[in-house]
2 protein chains.
Amino acid sequence: MITVRGIQELRSQIAAMKKQISKPEVTVGFVPTMGFLHEGHASLMKQARNKTDIVVLSIFVNPIQFGPNEDFESYPRDEKRDLAVAEKEGVDIVFIPTVKEMYPQPTKTTIQVSGLTERLCGASRPGHFDGVTTVVAKLFNIVQPDYAFFGMKDAQQVAVLTQMVTDLNMPVTIVPCPIMRENDGLALSSRNVYLSSEERTQALCLSRSLSLAEKASRERTDITIGELRSLVTAEIKKSPAAVIDYVEILTFPGLQPLGEKQQLNDLEDVIVALAVKFGKTRLIDNHRLQKVKVFSHV
Amino acid sequence: MITVRGIQELRSQIAAMKKQISKPEVTVGFVPTMGFLHEGHASLMKQARNKTDIVVLSIFVNPIQFGPNEDFESYPRDEKRDLAVAEKEGVDIVFIPTVKEMYPQPTKTTIQVSGLTERLCGASRPGHFDGVTTVVAKLFNIVQPDYAFFGMKDAQQVAVLTQMVTDLNMPVTIVPCPIMRENDGLALSSRNVYLSSEERTQALCLSRSLSLAEKASRERTDITIGELRSLVTAEIKKSPAAVIDYVEILTFPGLQPLGEKQQLNDLEDVIVALAVKFGKTRLIDNHRLQKVKVFSHV
């Protein structure tokens with residue numbers, strides 16, 4: 001495994017590695033992260049390792065996707081441990097640029113995806129997704145991957161980036177990967193380290209509420225969006241520390257709002273998306289309610 | 001020469017052509033145009049032919065860079081003649097997509113370059129440069145060129161695209177090419193066909209005013225920006241049909257405004273940029289006042 005900090009060096013290393021592999025079409029898999037890697041990231045690296053010839057991991061806490069009052073400075077970092085995780089997962093190249101390397105000048109150029117970024121985290125975090133699309137486009141142009149792997153925990157990010165790749169004809173395929181959870185259901189997140197023991201216990205209401213939604217969607221296919229939202233919201237509110245930012249039920253990947261009286265069985269590809277604060281820590285989680293396809297065998 | 005209308009076919013053809021050339025690093029040169037090709041475009045193709053192994057020309061009148069009251073519908077088109085010009089210049093692949101091929105859905109994604117797009121044509125044509133950067137990024141992602149050739153007649157476009165490529169780490173080098181002129185000085189433009197004979201004669205005031213600026217900059221190095229602007233404006237106003245949109249003197253490529261009292265000899269890389277209407281036709285022209293480097297030989 002090679003660790004690279006410069007853009008030019010990264011390009012050279014990928015080119016050199018491509019030449020070493022004697023195949024007609026060598027594929028590059030890319031896992032962009034902000035580091036402080038957990039099993040969720042490891043699952044992305046595993047998928048990349050399975051699917052592609054050269055696996056590149058980037059670790060970069062991207063300042064332009066943080067708002068002025070957000071946790072850019074305090075975002076957890078542990079390069080040594082991250083490198084050990086990457087090594088274990090068989091990553092070929094780890095790219096760890098400085099902010100100066102990625103932004104030698106403040107960027108004048110930004111990429112905006114309208115229609116998908118106004119709701120959910122886009123509403124609570126203005127400018128966040130412009131920062132995400134811009135840095136991901138930069139990283140794609142630097143790494144030039146064939147496949148890029150993103151966790152579905154940031155479902156809106158997956159939707160936004162897929163839209164960007166489609167609209168701009170970027171020569172890369174976005175591979176969404178399932179949410180990874182602790183045994184007790186808490187979705188893995190680098191920000192979980194911020195939680196006190198008590199907050200962590202209370203935060204389990206997120207996954208519990210999503211499980212309830214899943215159960216209800218199976219048992220009561222005529223349930224309405226409004227009823228589903230009430231169910232989820234009520235479950236979260238059982239935890240006194242939970243301060244709801246949003247409980248949204250939208251189409252996926254279009255992220256369009258649904259009428260409160262629409263019944264689930266009339267819809268396809270619905271996502272229940274949550275953002276809830278516990279103390280100073282804002283957690284997100286989501287679950288897709290996918291229609292079970294019924295095949296009739298005569 | 002191959003003519004291609006589909007994105008996938010273009011990618012396949014470029015890949016196949018790369019394999020046919022037995023060199024370790026095959027380079028692709030790209031000339032994006034809106035067609036109705038003239039000697040200005042031909043000069044771009046010549047440069048591409050000289051510099052790169054595979055030359056791709058695109059012809060696409062991009063709807064999203066035209067304002068609602070602009071000339072998208074009436075923009076001159078002549079595919080047959082364009083193909084003859086491309087053939088003559090030794091182009092390998094001509095890419096002529098339909099609007100549907102480039103925008104199967106209206107794009108939700110746009111690229112914005114701030115700080116360079118607010119002045120000059122950006123002020124008169126709101127949204128124009130977002131349309132240009134977005135389509136050029138799409139074309140770059142489709143063609144994946146090593147070099148892309150643009151005429152300096154659209155100096156602001158060159159500045160904006162160079163900024164985009166730098167900010168987003170696009171793996172392509174923008175090659176600015178000199179303005180081509182008719183013998184009488186008129187800068188070549190596909191829009192020149194709109195001009196009546198009388199308007200065309202009057203439009204010569206543009207190049208005349210720029211020649212005056214060049215002459216003054218050599219003979220009076222202490223000339224101020226204000227004096228230079230007066231000189232240029234006065235020359236244009238001698239043509240009664242000329243309706244000035246702007247006469248701007250800015251830094252290049254930063255496109256930053258200069259004080260009226262600043263003297264030319266204190267400055268580097270200054271551009272005089274004009275947009276003037278003759279009847280319904282809006283023409284642009286520009287000239288860079290480059291400092292003559294004086295080497296002292298002892």
# chains A, B, ... in the order shown; residues from 1 in each chain; ligands from 1
>>> interface_residues(of="chain B", to="chain A", cutoff="8 Å", atoms="only C-alpha atoms", output="ChimeraX atom specification")
/B:103,107-115,134-135,137-139,141-142,163-164,167-171
>>> select_by_dssp(residues="region 201-256 of chain B", states="strand (DSSP E)", output="list in words")
Ala242, Val243, Ile244, Asp245, Tyr246, Val247, Glu248, Ile249, Leu250 and Thr251 of chain B
>>> select_by_dssp(residues="region 32-256 of chain A", states="helix (DSSP H, G or I)", output="number ranges by chain")
A: 39-51, 63-65, 79-88, 99-102, 120-124, 128-143, 152-167, 190-194, 197-202, 204-219, 225-237
>>> residues_around(residues="Ile93 (chain A)", least_positions_apart="4", cutoff="9 Å", atoms="only C-alpha atoms", output="PDB file with all heavy atoms, in the first residue's frame")
ATOM      1  N   MET A   1       0.844  -1.198   0.000  1.00  0.00           N
ATOM      2  CA  MET A   1       0.000   0.000   0.000  1.00  0.00           C
ATOM      3  C   MET A   1       0.877   1.245   0.000  1.00  0.00           C
ATOM      4  O   MET A   1       1.832   1.342   0.747  1.00  0.00           O
ATOM      5  CB  MET A   1      -0.917   0.005   1.227  1.00  0.00           C
ATOM      6  CG  MET A   1      -1.983   1.079   1.172  1.00  0.00           C
ATOM      7  SD  MET A   1      -3.104   1.033   2.600  1.00  0.00           S
ATOM      8  CE  MET A   1      -2.106   1.846   3.859  1.00  0.00           C
ATOM      9  N   ILE A   2       0.516   2.180  -0.876  1.00  0.00           N
ATOM     10  CA  ILE A   2       1.290   3.417  -0.992  1.00  0.00           C
ATOM     11  C   ILE A   2       0.469   4.566  -0.415  1.00  0.00           C
ATOM     12  O   ILE A   2      -0.736   4.640  -0.643  1.00  0.00           O
ATOM     13  CB  ILE A   2       1.587   3.748  -2.473  1.00  0.00           C
ATOM     14  CG1 ILE A   2       2.225   2.558  -3.190  1.00  0.00           C
ATOM     15  CG2 ILE A   2       2.477   4.967  -2.585  1.00  0.00           C
ATOM     16  CD1 ILE A   2       2.295   2.748  -4.686  1.00  0.00           C
ATOM     17  N   THR A   3       1.127   5.455   0.324  1.00  0.00           N
ATOM     18  CA  THR A   3       0.470   6.672   0.800  1.00  0.00           C
ATOM     19  C   THR A   3       1.005   7.848   0.005  1.00  0.00           C
ATOM     20  O   THR A   3       2.218   8.017  -0.111  1.00  0.00           O
ATOM     21  CB  THR A   3       0.751   6.887   2.299  1.00  0.00           C
ATOM     22  OG1 THR A   3       0.307   5.726   3.012  1.00  0.00           O
ATOM     23  CG2 THR A   3       0.021   8.112   2.822  1.00  0.00           C
ATOM     24  N   VAL A   4       0.083   8.647  -0.550  1.00  0.00           N
ATOM     25  CA  VAL A   4       0.462   9.731  -1.447  1.00  0.00           C
ATOM     26  C   VAL A   4      -0.214  11.005  -0.966  1.00  0.00           C
ATOM     27  O   VAL A   4      -1.390  10.985  -0.588  1.00  0.00           O
ATOM     28  CB  VAL A   4      -0.013   9.404  -2.891  1.00  0.00           C
ATOM     29  CG1 VAL A   4       0.259  10.574  -3.814  1.00  0.00           C
ATOM     30  CG2 VAL A   4       0.663   8.148  -3.412  1.00  0.00           C
ATOM     31  N   LEU A  10       0.017  11.247  -7.149  1.00  0.00           N
ATOM     32  CA  LEU A  10      -1.079  10.279  -7.208  1.00  0.00           C
ATOM     33  C   LEU A  10      -1.332   9.854  -8.649  1.00  0.00           C
ATOM     34  O   LEU A  10      -1.453   8.656  -8.957  1.00  0.00           O
ATOM     35  CB  LEU A  10      -2.352  10.880  -6.602  1.00  0.00           C
ATOM     36  CG  LEU A  10      -3.573   9.952  -6.656  1.00  0.00           C
ATOM     37  CD1 LEU A  10      -3.365   8.731  -5.753  1.00  0.00           C
ATOM     38  CD2 LEU A  10      -4.846  10.668  -6.273  1.00  0.00           C
ATOM     39  N   GLN A  13       1.380   7.557  -9.807  1.00  0.00           N
ATOM     40  CA  GLN A  13       1.322   6.231  -9.175  1.00  0.00           C
ATOM     41  C   GLN A  13       0.210   5.386  -9.789  1.00  0.00           C
ATOM     42  O   GLN A  13       0.386   4.186 -10.015  1.00  0.00           O
ATOM     43  CB  GLN A  13       1.090   6.358  -7.661  1.00  0.00           C
ATOM     44  CG  GLN A  13       2.273   6.936  -6.897  1.00  0.00           C
ATOM     45  CD  GLN A  13       3.443   5.957  -6.769  1.00  0.00           C
ATOM     46  OE1 GLN A  13       3.401   4.844  -7.284  1.00  0.00           O
ATOM     47  NE2 GLN A  13       4.487   6.388  -6.077  1.00  0.00           N
ATOM     48  N   ILE A  14      -0.946   6.010 -10.040  1.00  0.00           N
ATOM     49  CA  ILE A  14      -2.049   5.251 -10.648  1.00  0.00           C
ATOM     50  C   ILE A  14      -1.645   4.813 -12.058  1.00  0.00           C
ATOM     51  O   ILE A  14      -1.857   3.661 -12.445  1.00  0.00           O
ATOM     52  CB  ILE A  14      -3.349   6.093 -10.670  1.00  0.00           C
ATOM     53  CG1 ILE A  14      -3.843   6.341  -9.240  1.00  0.00           C
ATOM     54  CG2 ILE A  14      -4.441   5.388 -11.489  1.00  0.00           C
ATOM     55  CD1 ILE A  14      -5.013   7.315  -9.136  1.00  0.00           C
ATOM     56  N   ILE A  54      -7.546  -1.751  -9.194  1.00  0.00           N
ATOM     57  CA  ILE A  54      -6.746  -0.841  -8.363  1.00  0.00           C
ATOM     58  C   ILE A  54      -7.703  -0.094  -7.446  1.00  0.00           C
ATOM     59  O   ILE A  54      -8.670   0.506  -7.913  1.00  0.00           O
ATOM     60  CB  ILE A  54      -5.967   0.178  -9.234  1.00  0.00           C
ATOM     61  CG1 ILE A  54      -4.999  -0.556 -10.168  1.00  0.00           C
ATOM     62  CG2 ILE A  54      -5.243   1.195  -8.369  1.00  0.00           C
ATOM     63  CD1 ILE A  54      -4.337   0.361 -11.198  1.00  0.00           C
ATOM     64  N   VAL A  55      -7.448  -0.164  -6.136  1.00  0.00           N
ATOM     65  CA  VAL A  55      -8.343   0.506  -5.187  1.00  0.00           C
ATOM     66  C   VAL A  55      -7.645   1.727  -4.596  1.00  0.00           C
ATOM     67  O   VAL A  55      -6.570   1.618  -4.000  1.00  0.00           O
ATOM     68  CB  VAL A  55      -8.795  -0.452  -4.059  1.00  0.00           C
ATOM     69  CG1 VAL A  55      -9.649   0.291  -3.041  1.00  0.00           C
ATOM     70  CG2 VAL A  55      -9.557  -1.634  -4.639  1.00  0.00           C
ATOM     71  N   VAL A  56      -8.264   2.889  -4.800  1.00  0.00           N
ATOM     72  CA  VAL A  56      -7.742   4.144  -4.256  1.00  0.00           C
ATOM     73  C   VAL A  56      -8.699   4.628  -3.174  1.00  0.00           C
ATOM     74  O   VAL A  56      -9.919   4.695  -3.396  1.00  0.00           O
ATOM     75  CB  VAL A  56      -7.615   5.226  -5.357  1.00  0.00           C
ATOM     76  CG1 VAL A  56      -7.073   6.530  -4.781  1.00  0.00           C
ATOM     77  CG2 VAL A  56      -6.737   4.733  -6.504  1.00  0.00           C
ATOM     78  N   LEU A  57      -8.132   4.934  -2.002  1.00  0.00           N
ATOM     79  CA  LEU A  57      -8.914   5.516  -0.903  1.00  0.00           C
ATOM     80  C   LEU A  57      -8.429   6.941  -0.714  1.00  0.00           C
ATOM     81  O   LEU A  57      -7.219   7.179  -0.716  1.00  0.00           O
ATOM     82  CB  LEU A  57      -8.668   4.711   0.376  1.00  0.00           C
ATOM     83  CG  LEU A  57      -9.236   5.296   1.672  1.00  0.00           C
ATOM     84  CD1 LEU A  57     -10.707   4.929   1.828  1.00  0.00           C
ATOM     85  CD2 LEU A  57      -8.447   4.821   2.888  1.00  0.00           C
ATOM     86  N   SER A  58      -9.346   7.896  -0.579  1.00  0.00           N
ATOM     87  CA  SER A  58      -8.887   9.244  -0.221  1.00  0.00           C
ATOM     88  C   SER A  58      -9.395   9.592   1.167  1.00  0.00           C
ATOM     89  O   SER A  58     -10.490   9.187   1.572  1.00  0.00           O
ATOM     90  CB  SER A  58      -9.352  10.290  -1.244  1.00  0.00           C
ATOM     91  OG  SER A  58     -10.741  10.486  -1.169  1.00  0.00           O
ATOM     92  N   ALA A  86      -7.064   0.715   6.100  1.00  0.00           N
ATOM     93  CA  ALA A  86      -6.928   0.645   4.639  1.00  0.00           C
ATOM     94  C   ALA A  86      -6.035  -0.524   4.233  1.00  0.00           C
ATOM     95  O   ALA A  86      -6.351  -1.265   3.296  1.00  0.00           O
ATOM     96  CB  ALA A  86      -6.363   1.960   4.116  1.00  0.00           C
TER      97      ALA A  86
END
>>> residues_around(residues="Gly6 (chain B)", least_positions_apart="4", cutoff="8 Å", atoms="only C-alpha atoms", output="JSON list (two decimals) with all heavy atoms, in the first residue's frame")
[["chain", "number", "residue", "atom", "x", "y", "z"],
["B", 10, "LEU", "N", -19.17, 7.68, -29.74],
["B", 10, "LEU", "CA", -17.97, 8.53, -29.75],
["B", 10, "LEU", "C", -16.90, 7.94, -28.85],
["B", 10, "LEU", "O", -15.73, 7.83, -29.22],
["B", 10, "LEU", "CB", -18.33, 9.95, -29.29],
["B", 10, "LEU", "CG", -17.13, 10.90, -29.23],
["B", 10, "LEU", "CD1", -16.58, 11.19, -30.62],
["B", 10, "LEU", "CD2", -17.49, 12.20, -28.54],
["B", 95, "PHE", "N", -18.05, 15.10, -33.86],
["B", 95, "PHE", "CA", -19.14, 14.71, -32.96],
["B", 95, "PHE", "C", -20.26, 15.73, -33.11],
["B", 95, "PHE", "O", -20.07, 16.91, -32.83],
["B", 95, "PHE", "CB", -18.60, 14.67, -31.52],
["B", 95, "PHE", "CG", -19.64, 14.35, -30.48],
["B", 95, "PHE", "CD1", -20.49, 13.26, -30.61],
["B", 95, "PHE", "CD2", -19.73, 15.12, -29.31],
["B", 95, "PHE", "CE1", -21.43, 12.95, -29.64],
["B", 95, "PHE", "CE2", -20.66, 14.82, -28.33],
["B", 95, "PHE", "CZ", -21.51, 13.74, -28.49],
["B", 96, "ILE", "N", -21.41, 15.27, -33.62],
["B", 96, "ILE", "CA", -22.55, 16.17, -33.83],
["B", 96, "ILE", "C", -23.76, 15.60, -33.09],
["B", 96, "ILE", "O", -24.60, 14.92, -33.68],
["B", 96, "ILE", "CB", -22.89, 16.31, -35.33],
["B", 96, "ILE", "CG1", -21.62, 16.52, -36.17],
["B", 96, "ILE", "CG2", -23.86, 17.47, -35.55],
["B", 96, "ILE", "CD1", -21.89, 16.78, -37.63],
["B", 97, "PRO", "N", -23.85, 15.86, -31.79],
["B", 97, "PRO", "CA", -24.98, 15.30, -31.04],
["B", 97, "PRO", "C", -26.24, 16.15, -31.21],
["B", 97, "PRO", "O", -26.16, 17.34, -31.52],
["B", 97, "PRO", "CB", -24.49, 15.36, -29.60],
["B", 97, "PRO", "CG", -23.60, 16.56, -29.57],
["B", 97, "PRO", "CD", -22.96, 16.66, -30.94],
["B", 101, "GLU", "N", -29.57, 14.13, -27.19],
["B", 101, "GLU", "CA", -28.43, 13.28, -26.81],
["B", 101, "GLU", "C", -27.63, 13.94, -25.68],
["B", 101, "GLU", "O", -27.19, 13.27, -24.75],
["B", 101, "GLU", "CB", -27.52, 13.05, -28.03],
["B", 101, "GLU", "CG", -26.30, 12.17, -27.79],
["B", 101, "GLU", "CD", -26.63, 10.69, -27.61],
["B", 101, "GLU", "OE1", -27.81, 10.31, -27.80],
["B", 101, "GLU", "OE2", -25.72, 9.92, -27.27]]
>>> residues_around(residues="Leu283 (chain A)", least_positions_apart="2", cutoff="12 Å", atoms="only C-alpha atoms", output="PyMOL selection string")
chain A and resi 121+153-154+186-195+199-200+202-207+242-246+273-281+285-286
>>> closest_residue(among="B:Gln256, B:Ser12, B:Ser196, B:Gln262", to="Leu228 (chain B)", atoms="only C-alpha atoms")
B:Gln262
>>> closest_residue(among="B:Arg119, B:Gly151, B:Asn69, B:Tyr75", to="Met180 (chain B)", atoms="only C-alpha atoms")
B:Gly151
>>> closest_residue(among="B:Lys237, B:Asp146, B:Ser74, B:Gly127", to="Glu25 (chain B)", atoms="only C-alpha atoms")
B:Asp146
>>> residues_around(residues="Leu289 (chain A)", least_positions_apart="4", cutoff="7 Å", atoms="only C-alpha atoms", output="list in words")
Glu214, Asp269, Val270 and Ile271 of chain A
